>>> print(open('protein39.cif').read())   # mmCIF, C-alpha atoms
data_my_file
#
loop_
_atom_site.label_atom_id
_atom_site.label_comp_id
_atom_site.auth_asym_id
_atom_site.auth_seq_id
_atom_site.Cartn_x
_atom_site.Cartn_y
_atom_site.Cartn_z
CA MET A 193 0.00 0.00 0.00
CA SER A 194 1.40 3.41 -0.97
CA THR A 195 1.98 5.97 1.75
CA GLN A 196 -0.04 9.15 1.53
CA PRO A 197 1.73 12.51 1.85
CA LEU A 198 1.33 14.61 4.96
CA PRO A 199 -1.96 16.53 4.74
CA LEU A 200 -0.46 20.03 4.77
CA GLU A 201 2.31 19.48 2.23
CA GLY A 202 2.25 22.41 -0.20
CA ILE A 203 0.81 24.81 2.40
CA THR A 204 2.99 27.81 3.31
CA VAL A 205 2.56 29.53 6.66
CA VAL A 206 4.12 32.85 7.65
CA ALA A 207 4.12 33.62 11.38
CA VAL A 208 5.05 36.75 13.28
CA GLU A 209 5.00 35.05 16.63
CA GLN A 210 6.52 34.87 20.07
CA ALA A 211 6.33 32.93 23.34
CA VAL A 212 3.93 29.94 23.22
CA ALA A 213 0.40 30.49 21.88
CA ALA A 214 1.18 31.20 18.21
CA PRO A 215 4.43 29.17 18.02
CA PHE A 216 2.76 26.04 19.42
CA ALA A 217 -0.10 26.42 16.92
CA THR A 218 2.23 26.77 13.94
CA ARG A 219 4.41 23.90 15.13
CA GLN A 220 1.37 21.62 14.74
CA LEU A 221 1.06 22.85 11.14
CA ALA A 222 4.77 22.18 10.52
CA ASP A 223 4.50 18.67 11.95
CA LEU A 224 1.70 17.96 9.45
CA GLY A 225 3.82 19.01 6.50
CA ALA A 226 3.34 22.79 6.13
CA ARG A 227 6.27 25.05 5.39
CA VAL A 228 6.37 27.50 8.30
CA ILE A 229 8.38 30.70 7.93
CA LYS A 230 8.92 32.20 11.37
CA VAL A 231 9.59 35.94 11.26
CA GLU A 232 11.72 37.06 14.21
CA ARG A 233 13.39 40.26 15.35
CA PRO A 234 17.07 40.52 14.31
CA ASP A 235 18.04 41.59 17.85
CA GLY A 236 17.47 38.33 19.72
CA GLY A 237 14.42 36.92 17.92
CA ASP A 238 11.46 35.36 19.66
CA PHE A 239 11.95 36.26 23.32
CA ALA A 240 11.20 32.64 24.26
CA ARG A 241 14.71 31.88 23.00
CA GLY A 242 15.94 33.47 26.23
CA TYR A 243 13.62 31.86 28.77
CA ASP A 244 16.18 29.29 29.95
CA THR A 245 19.12 27.19 28.76
CA ALA A 246 17.86 23.79 29.87
CA ALA A 247 17.94 22.07 26.44
CA ARG A 248 21.73 21.84 26.18
CA GLY A 249 21.97 25.61 26.05
CA LEU A 250 18.70 26.25 24.20
CA ALA A 251 15.45 27.32 25.84
CA SER A 252 13.09 24.43 26.56
CA HIS A 253 10.03 26.49 25.55
CA PHE A 254 11.60 27.36 22.20
CA VAL A 255 12.67 23.80 21.43
CA TRP A 256 9.17 22.55 22.27
CA CYS A 257 7.29 25.04 20.10
CA ASN A 258 9.53 25.74 17.11
CA ARG A 259 10.88 22.62 15.47
CA GLY A 260 10.42 22.27 11.72
CA LYS A 261 10.33 26.02 11.01
CA GLU A 262 12.45 28.37 8.94
CA SER A 263 13.74 31.40 10.86
CA VAL A 264 13.79 34.67 8.93
CA ALA A 265 14.98 37.67 10.95
CA LEU A 266 13.40 40.98 9.81
CA ASP A 267 13.15 44.36 11.50
CA LEU A 268 9.46 45.13 10.99
CA LYS A 269 9.95 48.68 12.29
CA ASP A 270 12.08 49.38 9.23
CA PRO A 271 9.93 49.91 6.11
CA ARG A 272 12.26 47.63 4.15
CA GLY A 273 11.81 44.80 6.64
CA LEU A 274 8.05 45.28 6.78
CA ASP A 275 7.86 45.27 2.97
CA LEU A 276 9.70 41.94 2.90
CA ALA A 277 7.23 40.50 5.41
CA HIS A 278 4.31 41.59 3.23
CA ARG A 279 5.97 40.02 0.19
CA LEU A 280 6.29 36.73 2.05
CA ILE A 281 2.65 36.88 3.13
CA ALA A 282 1.49 37.57 -0.44
CA ASP A 283 2.71 34.10 -1.44
CA ALA A 284 1.45 32.32 1.70
CA ASP A 285 -1.65 30.29 2.43
CA VAL A 286 -1.77 31.09 6.16
CA PHE A 287 -0.57 33.95 8.35
CA VAL A 288 -0.49 33.80 12.15
CA GLN A 289 0.41 36.55 14.62
CA ASN A 290 0.23 37.09 18.36
CA LEU A 291 1.74 40.56 18.71
CA ALA A 292 0.55 42.90 21.45
CA GLN A 293 -2.97 44.19 20.85
CA GLY A 294 -2.91 46.93 18.19
CA ALA A 295 0.67 46.30 17.04
CA ALA A 296 -0.31 44.11 14.08
CA ALA A 297 -2.86 46.65 12.84
CA ARG A 298 -0.25 49.43 12.94
CA LEU A 299 1.94 47.27 10.67
CA GLY A 300 -0.91 46.25 8.39
CA LEU A 301 -0.53 42.68 9.65
CA ASP A 302 -3.95 42.24 11.24
CA ALA A 303 -6.17 39.53 9.83
CA ALA A 304 -8.84 41.88 8.48
CA SER A 305 -6.39 43.98 6.47
CA LEU A 306 -4.48 41.01 5.10
CA CYS A 307 -7.59 39.07 4.10
CA ALA A 308 -8.97 42.13 2.30
CA ALA A 309 -5.74 42.31 0.29
CA HIS A 310 -5.38 38.55 -0.22
CA PRO A 311 -8.79 36.83 -0.44
CA ARG A 312 -7.36 33.28 -0.40
CA LEU A 313 -5.29 33.92 2.72
CA VAL A 314 -6.25 32.42 6.08
CA ALA A 315 -5.06 34.98 8.65
CA VAL A 316 -5.08 34.35 12.39
CA ASP A 317 -5.05 36.94 15.17
CA ILE A 318 -4.26 35.49 18.61
CA SER A 319 -4.72 37.83 21.57
CA GLY A 320 -5.24 37.66 25.28
CA TYR A 321 -8.77 39.00 25.50
CA GLY A 322 -9.98 39.75 21.96
CA ALA A 323 -10.06 42.88 19.83
CA GLU A 324 -12.90 44.65 21.64
CA GLY A 325 -14.10 45.18 25.20
CA PRO A 326 -12.60 46.70 28.33
CA TYR A 327 -9.79 44.10 28.50
CA ALA A 328 -8.72 44.36 24.84
CA HIS A 329 -5.45 46.16 25.59
CA LYS A 330 -4.72 44.48 28.93
CA ARG A 331 -1.45 42.54 29.13
CA ALA A 332 -2.18 38.85 28.85
CA TYR A 333 0.48 36.44 30.06
CA ASP A 334 -0.48 32.83 30.62
CA MET A 335 -0.71 32.91 34.43
CA LEU A 336 -2.74 36.13 34.34
CA VAL A 337 -5.26 34.59 31.95
CA GLN A 338 -5.41 31.44 34.08
CA CYS A 339 -6.50 33.70 36.92
CA GLU A 340 -9.00 35.72 34.86
CA ALA A 341 -10.54 32.53 33.42
CA GLY A 342 -11.07 31.02 36.87
CA LEU A 343 -8.77 28.03 36.34
CA VAL A 344 -6.66 28.93 39.35
CA SER A 345 -9.78 29.10 41.54
CA VAL A 346 -10.55 25.42 40.93
CA THR A 347 -6.96 24.13 41.01
CA GLY A 348 -5.09 23.39 44.22
CA THR A 349 -6.01 22.48 47.78
CA PRO A 350 -8.82 23.85 49.93
CA GLU A 351 -6.28 26.16 51.54
CA GLN A 352 -4.28 27.24 48.49
CA PRO A 353 -5.27 27.97 44.88
CA VAL A 354 -2.49 27.24 42.38
CA LYS A 355 -1.89 27.80 38.69
CA ALA A 356 -1.60 24.85 36.34
CA GLY A 357 1.95 23.54 35.99
CA ILE A 358 1.83 24.03 32.22
CA PRO A 359 0.89 27.20 30.25
CA ALA A 360 -2.73 26.12 29.92
CA ALA A 361 -4.06 29.39 28.49
CA ASP A 362 -1.35 29.50 25.83
CA ILE A 363 -1.92 25.86 24.91
CA ALA A 364 -5.70 26.28 24.75
CA ALA A 365 -5.37 29.26 22.41
CA ALA A 366 -2.78 27.42 20.31
CA MET A 367 -4.94 24.39 19.77
CA TYR A 368 -7.99 26.46 18.82
CA ALA A 369 -5.80 28.45 16.40
CA PHE A 370 -4.52 25.18 14.92
CA SER A 371 -8.01 23.73 14.47
CA GLY A 372 -9.30 27.09 13.23
CA VAL A 373 -6.67 27.12 10.49
CA LEU A 374 -7.58 23.58 9.44
CA ALA A 375 -11.29 24.46 9.32
CA ALA A 376 -10.61 27.62 7.29
CA LEU A 377 -8.46 25.69 4.83
CA VAL A 378 -11.25 23.14 4.34
CA ARG A 379 -13.69 25.99 3.70
CA ARG A 380 -11.26 27.58 1.25
CA GLY A 381 -11.18 24.30 -0.61
CA THR A 382 -14.90 24.62 -1.33
CA THR A 383 -15.31 28.41 -1.62
CA GLY A 384 -11.90 29.54 -2.86
CA ARG A 385 -11.68 32.14 -0.09
CA GLY A 386 -9.73 32.13 3.12
CA GLY A 387 -10.66 34.64 5.80
CA PRO A 388 -9.80 35.86 9.27
CA VAL A 389 -9.60 33.62 12.34
CA GLU A 390 -9.66 35.27 15.78
CA ILE A 391 -8.60 33.46 18.92
CA SER A 392 -8.73 34.86 22.47
CA MET A 393 -6.76 33.15 25.22
CA LEU A 394 -9.49 34.04 27.74
CA GLU A 395 -12.25 32.54 25.61
CA ALA A 396 -10.21 29.43 24.81
CA LEU A 397 -9.41 28.71 28.45
CA THR A 398 -12.91 29.54 29.66
CA GLU A 399 -14.22 26.90 27.26
CA TRP A 400 -11.76 24.46 28.81
CA LEU A 401 -13.11 25.30 32.27
CA GLY A 402 -15.88 22.93 31.25
CA HIS A 403 -17.81 21.22 34.00
CA PRO A 404 -16.73 23.54 36.86
CA LEU A 405 -18.13 26.47 34.86
CA HIS A 406 -21.41 24.73 34.12
CA HIS A 407 -21.61 23.40 37.68
CA ALA A 408 -21.34 26.93 39.03
CA MET A 409 -23.63 28.54 36.44
CA HIS A 410 -26.39 25.98 36.67
CA GLY A 411 -25.96 24.60 40.18
CA GLY A 412 -25.31 27.87 41.92
CA THR A 413 -22.21 26.70 43.85
CA GLU A 414 -18.50 27.11 43.26
CA PRO A 415 -16.70 23.75 42.85
CA ALA A 416 -14.41 23.04 45.81
CA ARG A 417 -10.64 22.73 45.37
CA THR A 418 -9.70 19.19 46.37
CA GLY A 419 -6.06 18.72 45.34
CA VAL A 420 -5.88 15.46 43.38
CA ALA A 421 -9.04 14.21 45.07
CA HIS A 422 -12.43 14.35 43.36
CA ALA A 423 -15.02 16.71 44.78
CA VAL A 424 -18.00 14.32 44.49
CA ILE A 425 -16.48 10.81 44.28
CA ALA A 426 -14.73 8.85 47.04
CA PRO A 427 -12.30 7.24 47.19
CA TYR A 428 -10.66 9.15 44.34
CA ASP A 429 -7.27 10.42 45.49
CA ALA A 430 -3.55 9.71 45.69
CA TYR A 431 -2.28 7.60 48.57
CA ALA A 432 1.28 7.10 49.86
CA THR A 433 2.96 3.71 49.51
CA ALA A 434 5.66 2.05 51.57
CA ASP A 435 8.47 2.90 49.14
CA GLY A 436 7.76 6.64 49.06
CA GLY A 437 5.60 6.53 45.94
CA GLN A 438 2.02 7.61 45.51
CA VAL A 439 -0.77 5.73 43.76
CA LEU A 440 -4.01 7.33 42.66
CA LEU A 441 -7.13 5.20 42.54
CA SER A 442 -10.72 5.84 41.54
CA VAL A 443 -13.84 3.96 42.62
CA GLN A 444 -16.66 4.86 40.24
CA ASN A 445 -19.52 2.81 41.69
CA ASP A 446 -20.52 0.73 44.67
CA ARG A 447 -19.66 -2.60 43.00
CA GLU A 448 -16.09 -1.38 42.65
CA TRP A 449 -16.09 -0.31 46.30
CA ARG A 450 -17.03 -3.85 47.28
CA ARG A 451 -14.14 -5.27 45.24
CA LEU A 452 -11.76 -2.71 46.73
CA ALA A 453 -12.87 -3.50 50.29
CA GLU A 454 -12.62 -7.27 49.80
CA LEU A 455 -9.57 -7.66 47.56
CA VAL A 456 -7.36 -4.66 48.30
CA LEU A 457 -8.24 -3.32 51.73
CA GLU A 458 -8.94 -6.87 52.99
CA ARG A 459 -11.80 -5.45 55.05
CA PRO A 460 -14.92 -7.01 53.48
CA GLU A 461 -17.14 -5.64 56.24
CA LEU A 462 -16.76 -2.13 54.78
CA ALA A 463 -18.68 -3.18 51.67
CA ASP A 464 -21.95 -3.24 53.64
CA ASP A 465 -21.13 -0.65 56.29
CA ALA A 466 -23.74 2.13 56.12
CA ASP A 467 -21.00 4.77 56.35
CA PHE A 468 -19.25 3.45 53.22
CA ALA A 469 -21.62 1.29 51.16
CA THR A 470 -22.68 4.08 48.77
CA ASN A 471 -20.71 6.86 47.12
CA ALA A 472 -22.83 9.49 48.88
CA ALA A 473 -21.98 7.88 52.22
CA ARG A 474 -18.27 7.64 51.37
CA VAL A 475 -18.17 11.32 50.39
CA ALA A 476 -19.99 12.25 53.60
CA HIS A 477 -17.44 10.19 55.55
CA ARG A 478 -14.47 11.04 53.35
CA ALA A 479 -11.97 11.11 56.21
CA GLY A 480 -12.82 7.58 57.23
CA THR A 481 -12.87 6.39 53.61
CA ASP A 482 -9.44 7.86 52.93
CA GLU A 483 -8.04 6.52 56.19
CA ALA A 484 -9.09 2.97 55.31
CA VAL A 485 -7.53 3.15 51.86
CA ALA A 486 -4.38 4.92 53.07
CA ARG A 487 -3.78 2.33 55.79
CA ALA A 488 -3.95 -0.54 53.28
CA LEU A 489 -1.69 1.06 50.65
CA ALA A 490 0.85 2.27 53.21
CA GLY A 491 1.98 -1.34 53.68
CA LEU A 492 2.56 -1.94 49.97
CA THR A 493 5.13 -0.72 47.48
CA ALA A 494 3.77 1.30 44.58
CA ALA A 495 4.24 -1.68 42.26
CA GLU A 496 2.43 -3.99 44.70
CA ALA A 497 -0.42 -1.52 45.15
CA VAL A 498 -0.90 -1.09 41.39
CA GLY A 499 -0.77 -4.85 40.89
CA ARG A 500 -3.38 -5.51 43.58
CA LEU A 501 -5.67 -2.73 42.36
CA GLU A 502 -5.48 -3.88 38.75
CA SER A 503 -6.19 -7.47 39.78
CA ALA A 504 -9.30 -6.19 41.54
CA GLY A 505 -10.38 -4.20 38.49
CA ILE A 506 -9.91 -0.82 40.18
CA ALA A 507 -8.76 2.11 38.02
CA CYS A 508 -5.38 3.35 39.22
CA ALA A 509 -2.24 5.19 38.22
CA ARG A 510 1.15 6.05 39.62
CA LEU A 511 1.68 9.71 40.48
CA ASN A 512 4.63 10.08 38.13
CA THR A 513 7.28 12.78 38.02
CA VAL A 514 8.20 14.43 34.72
CA GLU A 515 11.31 12.25 34.61
CA ASP A 516 9.10 9.19 35.06
CA VAL A 517 7.03 10.26 32.06
CA ALA A 518 10.17 10.65 29.93
CA ALA A 519 10.89 6.98 30.68
CA HIS A 520 7.26 5.79 30.57
CA PRO A 521 7.05 2.17 29.40
CA GLN A 522 3.87 2.79 27.39
CA LEU A 523 5.47 5.59 25.37
CA ALA A 524 8.51 3.39 24.79
CA ALA A 525 6.39 0.40 23.76
CA ARG A 526 4.56 2.56 21.20
CA ASP A 527 7.86 3.96 19.87
CA ARG A 528 6.78 7.57 20.48
CA TRP A 529 10.21 9.17 20.85
CA ARG A 530 12.30 10.66 18.05
CA GLU A 531 15.31 12.96 17.76
CA VAL A 532 15.22 16.38 16.10
CA GLU A 533 18.16 18.40 14.88
CA SER A 534 19.03 21.73 16.50
CA PRO A 535 21.92 24.20 16.65
CA VAL A 536 23.31 22.16 19.57
CA GLY A 537 22.81 18.72 18.03
CA LYS A 538 20.08 16.11 18.29
CA LEU A 539 17.38 16.58 20.93
CA ARG A 540 14.79 14.05 22.04
CA ALA A 541 11.16 14.91 21.23
CA LEU A 542 7.78 13.23 21.40
CA LEU A 543 5.92 12.32 18.24
CA PRO A 544 2.77 14.45 17.80
CA PRO A 545 -0.35 12.71 19.17
CA ILE A 546 -2.22 12.93 15.83
CA ASN A 547 -1.64 9.55 14.17
CA LEU A 548 -2.69 9.47 10.52
CA GLY A 549 -2.87 5.86 9.38
CA GLY A 550 -1.38 5.27 5.95
CA SER A 551 0.34 8.66 5.94
CA GLN A 552 3.96 9.60 6.25
CA GLU A 553 5.20 10.07 9.80
CA ALA A 554 4.95 13.60 11.18
CA ARG A 555 7.70 15.84 9.88
CA MET A 556 9.69 16.70 12.99
CA GLY A 557 12.12 19.17 11.47
CA ALA A 558 15.06 20.93 13.06
CA VAL A 559 14.88 23.70 15.65
CA PRO A 560 16.19 26.75 13.74
CA ALA A 561 18.93 29.15 14.72
CA LEU A 562 17.94 32.81 14.63
CA GLY A 563 17.93 34.01 11.03
CA GLU A 564 19.16 30.66 9.73
CA HIS A 565 16.95 30.89 6.64
CA THR A 566 16.91 34.65 6.03
CA GLY A 567 19.30 34.66 3.08
CA THR A 568 17.82 31.72 1.20
CA THR A 569 14.27 32.96 1.73
CA LEU A 570 15.01 36.49 0.50
CA ARG A 571 16.91 35.19 -2.52
CA ALA A 572 13.85 33.13 -3.37
CA LEU A 573 11.93 36.43 -3.45
CA GLY A 574 14.32 37.61 -6.17
CA MET A 575 16.85 39.56 -4.11
CA THR A 576 20.51 39.48 -5.07
CA ASP A 577 23.40 38.58 -2.80
CA GLU A 578 24.40 42.25 -2.75
CA GLN A 579 20.92 43.38 -1.70
CA VAL A 580 20.83 40.79 1.07
CA ALA A 581 24.27 41.83 2.26
CA GLY A 582 23.23 45.48 2.29
CA LEU A 583 20.16 44.79 4.40
CA ARG A 584 22.30 42.79 6.79
CA ARG A 585 24.82 45.62 7.11
CA ASP A 586 21.94 48.03 7.90
CA GLY A 587 20.56 45.71 10.61
CA VAL A 588 17.28 45.22 8.74
CA ILE A 589 17.84 41.48 8.64
CA ALA A 590 19.92 38.95 10.49
#
>>> encode(input="protein39.cif", output="structure tokens")
Amino acid sequence: MSTQPLPLEGITVVAVEQAVAAPFATRQLADLGARVIKVERPDGGDFARGYDTAARGLASHFVWCNRGKESVALDLKDPRGLDLAHRLIADADVFVQNLAQGAAARLGLDAASLCAAHPRLVAVDISGYGAEGPYAHKRAYDMLVQCEAGLVSVTGTPEQPVKAGIPAADIAAAMYAFSGVLAALVRRGTTGRGGPVEISMLEALTEWLGHPLHHAMHGGTEPARTGVAHAVIAPYDAYATADGGQVLLSVQNDREWRRLAELVLERPELADDADFATNAARVAHRAGTDEAVARALAGLTAAEAVGRLESAGIACARLNTVEDVAAHPQLAARDRWREVESPVGKLRALLPPINLGGSQEARMGAVPALGEHTGTTLRALGMTDEQVAGLRRDGVIA
């Protein structure tokens, strides 16, 4: 059977992007075969390049979000640099930007202006709070949006709200931008026209707030913060094991509670005890429920606890560290790790989670150095070596 090409081969994307939201969206497009031209500032580029040096001298955020792209360094404040950006966009299928609110419009790089000039173009504006309203010009970093969207209010312990350990607002916006581009390209295939796509980090993350939002709106109560426990199911929590690990288990119904009591806790009498026999009773007597489970698992290693729970048909998981995930046996068994090239050599990276049967494997291209592709890209626009050299001497490009 012949292998199909990647679905976005032949699609060109130009991105004026920084940090996470837009770069993570365009990385998905690159993985699926699109050519992504990343326009960066000559004086340092995407500021995410400087977040840390954890990836053998490169920033972990940048490595994560920018593989498979071509870096073209242009000074958009110089009319010559801005003109080059517009020339690149004129030949593109997709344009993505997440500049500060109002900055793209001042440069003529907002979606509305570009789509008016190029009817087949799909142009994406990503912002913190959207183009209108009292928050339109408010600074919108990930943690701030997590707070505004209420995510922090439902994450943490009863005593302490906490932000998510990943940039959830950035990721939410990125994935809606990614899917928005795909939808707009499908529509262009039938109508011949692209069009603007607008993504707000606040709106993306508020959608992800999901059941807590609907619980509060329709039930009239704010969901309680319960750490890794579940607010309305018990037992559903992480419990310490004898070897210093933690195992999370979840009992979804009273039949499972009976199996847990008999086969794991070795206290069959709890199956019919009025304080524990139903989920409502176990939630009402959560301290006693948790104490019974904790006592049983405290005498087992994590491996023994997981083995006993799985034998009893109880859903469970280890509370893994990030290092544990990097060595996860399931990811290894499914051959999910690859190596990508970078300015510092090969770096390990996870295959994208979209698996297209019968298609080529995702194109996990190299992480680019700043301005690595400026010369070749501008020469493809018809510029001579002398013109490129002159722009470089003037600091318009890098």
>>> closest_residue(input="protein39.cif", among="A:Gln338, A:Ser319, A:Thr481, A:Thr349", to="A:Leu462", atoms="all atoms listed in the file")
A:Thr481
>>> resolve_selection(input="protein39.cif", expression="the PyMOL selection byres ((chain A and resi 229) around 9)", output="list in words")
Thr204, Val205, Val206, Ala207, Val208, Arg227, Val228, Lys230, Val231, Lys261, Glu262, Ser263, Val264, Leu280, His565 and Thr569 of chain A
>>> resolve_selection(input="protein39.cif", expression="the PyMOL selection byres ((chain A and resi 554) around 12)", output="count of residues only")
36
>>> residues_around(input="protein39.cif", residues="A:Ala364", least_positions_apart="2", cutoff="7 Å", atoms="all atoms listed in the file", output="MDAnalysis selection string")
chainID A and resid 360:362 366:368 393 396:397
>>> residues_around(input="protein39.cif", residues="A:Thr493", least_positions_apart="4", cutoff="10 Å", atoms="all atoms listed in the file", output="list in words")
Ala432, Thr433, Ala434, Asp435, Gly436, Gly437, Gln438, Val439, Leu489, Ala497, Val498 and Gly499 of chain A
>>> residues_around(input="protein39.cif", residues="A:Ser305", least_positions_apart="6", cutoff="12 Å", atoms="all atoms listed in the file", output="ChimeraX atom specification")
/A:278,281,287,296-299,311,313-317,387-388
